[in-house]
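*Asks:* Right, I'll just put the structure down here and ask away after.
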Amino acid sequence: MSVDRTDVGVVGVGSMGQHHARVYDELPEANLVGVADANEEVAADVASTYETDARAVEDLLSSVDAVSIAVPTSHHESIVRRAIEQDVDVLVEKPIVADLDVGRSLLDQARERDLVLQVGHIERFNPAVQTLLDVVQDLDLIAVDARRLGPPLDRDLGDTVVYDLMIHDIDVLLKIVDAEVQSVEATGTQEGQHITANVDFENDVVANLTASRVTQQKVRDLSITAESCRVNVDYLDQSVEVHRHSLPEYVDADGDLRYRHESVIERPMVESREPLKAELEAFVDAVAERATPPVTGEDGLRALEIAQEIDRRSAATEHREMQPR
């Protein structure tokens, strides 16, 4: 029995886009028709690796059902709009665009044409986050703490640390907390390369987010404080630990009265899987079934709105710190 395959392409095959090409090449549901990149040599190399064609953007869009767009954020609008005008379903890397009004316009255009528009918030597909979403359903949340830290990069990504790193945790946070954001505060240092933000929700849940490109250790973790437990997630290890309440006791040890408080730790099963493969498989499924994708354009805009507020407030605090006294 043959399986209908979705013709797909990738626009932008740099450090992230080439992995989109690799995964599409591996997915039985997808047929990688071609790739496009402003750097024709890079496009040709990636196309050769996966035995597909290097094409101009317009040629690629006229040949596919769906496309991944992994170009710098400043080019998202033009390429997403061109794809929509060609009736091509889109997965666009985060952040969805640089401007909220532009994003709303693209969403309206995609909705009018009944197209799938998914945003590449890849941590949603981290198996540890998938497990976390199951765990938190029954919890009364109090606070969320997330850290996304790492050393300086040897290349310019074009986006600030908020749009490059923190936006991942913003998206996960908004998925976890079922309430509207009430207030946002943020501070920055090291020319915006280390930023801490506080987000308060209308249901009284508070969140603290830190993103850094000047930390000499790679850290990707998230912790949830709830009334009945504390949940720790390690994105890198793809692990989840649930620390439950335990009763303290005093014990007699050779005539000495000693205090003991043992932790009860649960480790839910986490399926080991590459997040990008899960993300692109979900996108191809949404395209084939004409279904709502797991991370919608609306999700992308909501994360962008909070990211912009954090970026604005952190830049303002750093500017004040630099003023002479």
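In the structure tokens, the first chain shown is A, the next is B, and so on; residue numbers restart at 1 for each chain, and ligands run from 1 in the order shown.
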Could you pull out all residues of stretch 39-266 of chain A with a DSSP call of strand (DSSP E or B) and give them as a count of residues only?
*Replies:* 81
*Asks:* Please identify which residues in stretch 49-298 of chain A DSSP calls helix (DSSP H, G or I) from the backbone, and express them as a PyMOL selection string.
*Replies:* chain A and resi 49+57-61+73-85+100-112+122-125+127-136+161-176+275-289+297-298
*Asks:* Take atom CA of A:Asp101 and atom CA of A:Gly9 and report the distance between them in Å, one decimal.
*Replies:*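 Spanning atom CA of A:Asp101 to atom CA of A:Gly9 is a straight-line distance of 26.9 Å.
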*Asks:* Residues at most 8 Å from A:Val33, counting only C-alpha atoms, excluding those fewer than 4 positions away in the same chain, as a ChimeraX atom specification?
*Replies:* /A:7-9,52-53,60,63-64
*Asks:* Restricted to C-alpha atoms, what would the selected residues look like written as a short mmCIF file (atom, residue, chain, number, x, y, z; two decimals), in the first residue's frame?
*Replies:*
data_model
loop_
_atom_site.label_atom_id
_atom_site.label_comp_id
_atom_site.auth_asym_id
_atom_site.auth_seq_id
_atom_site.Cartn_x
_atom_site.Cartn_y
_atom_site.Cartn_z
CA ASP A 7 6.24 17.63 -1.28
CA VAL A 8 8.35 19.88 0.94
CA GLY A 9 11.22 22.33 0.62
CA THR A 52 17.66 16.89 -4.07
CA ASP A 53 17.79 20.13 -6.06
CA LEU A 60 10.91 26.06 -5.06
CA SER A 63 6.99 23.05 -6.70
CA VAL A 64 6.02 22.19 -3.09
#
*Asks:* Leaving out stretch 205-218 of chain A and any residue of its chain fewer than 3 positions from it, which residues lie within 10 Å of it when counting only C-alpha atoms, given as a count of residues only?
*Replies:* 56
*Asks:* Can you tell me, as a list in words, what residues are no more than 6 Å from A:Gln118 when counting only C-alpha atoms, ignoring any on the same chain fewer than 4 positions away?
*Replies:* Leu91, Pro293, Val295, Thr296 and Gly297 of chain A
*Asks:* As a ChimeraX atom specification, please: the residues near A:Ala43 (cut-off 10 Å, only C-alpha atoms, same-chain neighbours under 2 positions excluded).
*Replies:* /A:10-14,18,34-41,45-49,53-56
*Asks:* Name all residues at most 10 Å from A:Glu298 (count only C-alpha atoms; drop same-chain ones fewer than 6 positions away) and give them as a VMD selection string.
*Replies:* chain A and resid 96 103 to 104 107 117 to 119 304
*Asks:* Just give me the gap between atom CA of A:Gln130 and atom CA of A:Leu100 in Å, one decimal is fine.
*Replies:*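 A separation of 27.7 Å between them.
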